[in-house]
Amino acid sequence: SVRASAGLYGANGLWLLDPVNVSITGAATSSGGTPTTIAAGSTWVPDASPSTVSATQINNALSTGNVTITTSATVTGVSDAGIITVSQGITGSVGNLSLLADDNIIVNATISLTAGNITLNAIGGSITSNAAISSTAGTVSMIAGGGAITLNGSLTANAGILGRSSGAIDINGAVTMIGNGTIQLIAAGDVTGPGLISLSPTGGLSIDTTGAVNLSVTAGPVAVNTSGNITLFGPGA
């Protein structure tokens, strides 16, 4: 049998067999997977390497429904790690966006939803964001089951933010809660970084880690559970 459960700092999920690296690009069409035209409710399943998904098709689909991008292949014998790379901006006005990778997720272009939720799930890898990620009416969930979460770009949400890492969480960009949601950070390593965390007055910040905490926080309540050192800056601390 295959057991796909995880401890506190990992994430329960699927075992993705024979994964394929998937790139989300500015290509007019998608190739190396199905469906060849992504519509609302679609789940991208790669069937060849390389696998390229059109950001334009994703954006059109998100205007009416949900989209899921996976790295789990329908063919055997592929030797890719199962990395999702976002190289072209993604926007949406209605649906939820889910990126499900066997290994790492790398965000090099903006992801911006005005109504839906954003889920980045790197089942066996890390998450690195080098661009802005925002859900102005929903939530953002980032789960790194095999590594760290590194935020070099800004992160904004309305209803809640979850960051769960089997390693550290490194916050270099601004993290902003524009609604009444809570920011929850769970890590097996340090939770640190110079990026300013702006909370809602009622939502607050919750941190659970075995490592050190060194953050800048403004407004809202803060709760920290750690066996390491704690350093918080700002009026919210």
# chains A, B, ... in the order shown; residues from 1 in each chain; ligands from 1
$ residues_around --residues "Leu99 of chain A" --least-positions-apart "3" --cutoff "12 Å" --atoms "only C-alpha atoms" --output "PyMOL selection string"
chain A and resi 22-24+43-45+53+58+66-72+82-86+90+96+102-107+111+117-123+127+140-144
$ select_by_dssp --residues "segment 17-196 of chain A" --states "helix (DSSP H, G or I)" --output "PDB file with N, CA, C and O atoms, in the first residue's frame"
ATOM      1  N   ALA A  55      -0.801  30.407 -20.205  1.00  0.00           N
ATOM      2  CA  ALA A  55      -1.377  31.267 -19.173  1.00  0.00           C
ATOM      3  C   ALA A  55      -2.657  31.922 -19.667  1.00  0.00           C
ATOM      4  O   ALA A  55      -3.592  32.146 -18.890  1.00  0.00           O
ATOM      5  N   THR A  56      -2.724  32.232 -20.946  1.00  0.00           N
ATOM      6  CA  THR A  56      -3.930  32.838 -21.515  1.00  0.00           C
ATOM      7  C   THR A  56      -5.128  31.919 -21.361  1.00  0.00           C
ATOM      8  O   THR A  56      -6.230  32.355 -20.999  1.00  0.00           O
ATOM      9  N   GLN A  57      -4.914  30.613 -21.615  1.00  0.00           N
ATOM     10  CA  GLN A  57      -6.014  29.651 -21.435  1.00  0.00           C
ATOM     11  C   GLN A  57      -6.424  29.557 -19.968  1.00  0.00           C
ATOM     12  O   GLN A  57      -7.619  29.468 -19.657  1.00  0.00           O
ATOM     13  N   ILE A  58      -5.451  29.578 -19.061  1.00  0.00           N
ATOM     14  CA  ILE A  58      -5.771  29.543 -17.633  1.00  0.00           C
ATOM     15  C   ILE A  58      -6.593  30.772 -17.252  1.00  0.00           C
ATOM     16  O   ILE A  58      -7.609  30.673 -16.549  1.00  0.00           O
ATOM     17  N   ASN A  59      -6.154  31.945 -17.708  1.00  0.00           N
ATOM     18  CA  ASN A  59      -6.855  33.182 -17.371  1.00  0.00           C
ATOM     19  C   ASN A  59      -8.297  33.169 -17.883  1.00  0.00           C
ATOM     20  O   ASN A  59      -9.223  33.588 -17.169  1.00  0.00           O
ATOM     21  N   ASN A  60      -8.485  32.706 -19.102  1.00  0.00           N
ATOM     22  CA  ASN A  60      -9.843  32.632 -19.657  1.00  0.00           C
ATOM     23  C   ASN A  60     -10.714  31.691 -18.841  1.00  0.00           C
ATOM     24  O   ASN A  60     -11.897  31.975 -18.578  1.00  0.00           O
ATOM     25  N   ALA A  61     -10.145  30.557 -18.438  1.00  0.00           N
ATOM     26  CA  ALA A  61     -10.913  29.575 -17.662  1.00  0.00           C
ATOM     27  C   ALA A  61     -11.256  30.112 -16.274  1.00  0.00           C
ATOM     28  O   ALA A  61     -12.358  29.883 -15.762  1.00  0.00           O
ATOM     29  N   LEU A  62     -10.313  30.836 -15.652  1.00  0.00           N
ATOM     30  CA  LEU A  62     -10.548  31.373 -14.308  1.00  0.00           C
ATOM     31  C   LEU A  62     -11.606  32.470 -14.298  1.00  0.00           C
ATOM     32  O   LEU A  62     -12.098  32.844 -13.229  1.00  0.00           O
TER      33      LEU A  62
END
$ select_by_dssp --residues "segment 1-236 of chain A" --states "strand (DSSP E or B)" --output "ChimeraX atom specification"
/A:19,22-25,31,33-34,42-46,51-54,67-70,72,84-86,90-92,97-101,105-107,111-113,118-122,127-129,133-135,139-144,149-151,155-157,160-165,169-171,175-177,182-187,191-198,205-209,213-218,222-226,230-233
$ closest_residue --among "A:Ala157, A:Ala137, A:Ala148, A:Ala109" --to "Ile186 of chain A" --atoms "only C-alpha atoms"
A:Ala148
$ atom_distance --atom1 "atom CA of Ala188 of chain A" --atom2 "atom CA of Leu205 of chain A"
17.3 Å
$ closest_atom_pairs --of "segment 104-157 of chain A" --to "segment 173-177 of chain A" --cutoff "10 Å" --atoms "only C-alpha atoms" --output "CSV"
residue,atom,partner,partner_atom,distance
A:Ser129,CA,A:Gly173,CA,9.4
A:Asn130,CA,A:Gly173,CA,9.0
A:Ala131,CA,A:Gly173,CA,9.1
A:Ala132,CA,A:Gly173,CA,8.6
A:Ile133,CA,A:Val175,CA,9.7
A:Ser134,CA,A:Thr176,CA,9.2
A:Ser135,CA,A:Met177,CA,9.9
A:Thr136,CA,A:Met177,CA,9.1
A:Thr139,CA,A:Met177,CA,9.7
A:Thr150,CA,A:Gly173,CA,9.3
A:Leu151,CA,A:Gly173,CA,5.9
A:Asn152,CA,A:Gly173,CA,5.0
A:Gly153,CA,A:Gly173,CA,4.8
A:Ser154,CA,A:Gly173,CA,4.7
A:Leu155,CA,A:Val175,CA,4.7
A:Thr156,CA,A:Thr176,CA,4.8
A:Ala157,CA,A:Met177,CA,5.3
$ atom_distance --atom1 "atom CA of Ser165 of chain A" --atom2 "atom CA of Gly124 of chain A"
10.7 Å
$ atom_distance --atom1 "atom CA of Ser206 of chain A" --atom2 "atom CA of Pro221 of chain A"
8.6 Å
$ residues_around --residues "Thr37 of chain A" --least-positions-apart "5" --cutoff "9 Å" --atoms "only C-alpha atoms" --output "NGL selection string"
:A and (29-30 or 42 or 54 or 57)
$ write_last_selection --atoms "N, CA, C and O atoms" --output "JSON list (two decimals), in the first residue's frame"
[["chain", "number", "residue", "atom", "x", "y", "z"],
["A", 29, "THR", "N", -0.97, 28.29, -27.09],
["A", 29, "THR", "CA", -1.64, 27.00, -26.88],
["A", 29, "THR", "C", -0.86, 26.18, -25.85],
["A", 29, "THR", "O", 0.31, 26.44, -25.56],
["A", 30, "SER", "N", -1.53, 25.17, -25.30],
["A", 30, "SER", "CA", -0.91, 24.26, -24.35],
["A", 30, "SER", "C", -0.48, 22.99, -25.06],
["A", 30, "SER", "O", -1.14, 22.55, -26.01],
["A", 42, "SER", "N", -11.23, 22.51, -15.50],
["A", 42, "SER", "CA", -10.20, 21.62, -16.04],
["A", 42, "SER", "C", -9.13, 21.29, -15.02],
["A", 42, "SER", "O", -8.78, 22.10, -14.15],
["A", 54, "SER", "N", -0.62, 27.15, -21.38],
["A", 54, "SER", "CA", -0.84, 28.53, -21.78],
["A", 54, "SER", "C", -1.48, 29.33, -20.64],
["A", 54, "SER", "O", -2.58, 28.99, -20.17],
["A", 57, "GLN", "N", -4.91, 30.61, -21.61],
["A", 57, "GLN", "CA", -6.01, 29.65, -21.44],
["A", 57, "GLN", "C", -6.42, 29.56, -19.97],
["A", 57, "GLN", "O", -7.62, 29.47, -19.66]]
$ closest_residue --among "A:Gly189, A:Asn158, A:Gly89, A:Val222" --to "Thr114 of chain A" --atoms "only C-alpha atoms"
A:Asn158
$ closest_residue --among "A:Ile161, A:Ala40, A:Val75, A:Ala81" --to "Val94 of chain A" --atoms "only C-alpha atoms"
A:Ala40
$ closest_residue --among "A:Ala168, A:Ala73, A:Ile230, A:Ala39" --to "Asn21 of chain A" --atoms "only C-alpha atoms"
A:Ala73
$ closest_residue --among "A:Leu232, A:Ile197, A:Ala187, A:Ala223" --to "Thr210 of chain A" --atoms "only C-alpha atoms"
A:Ala187
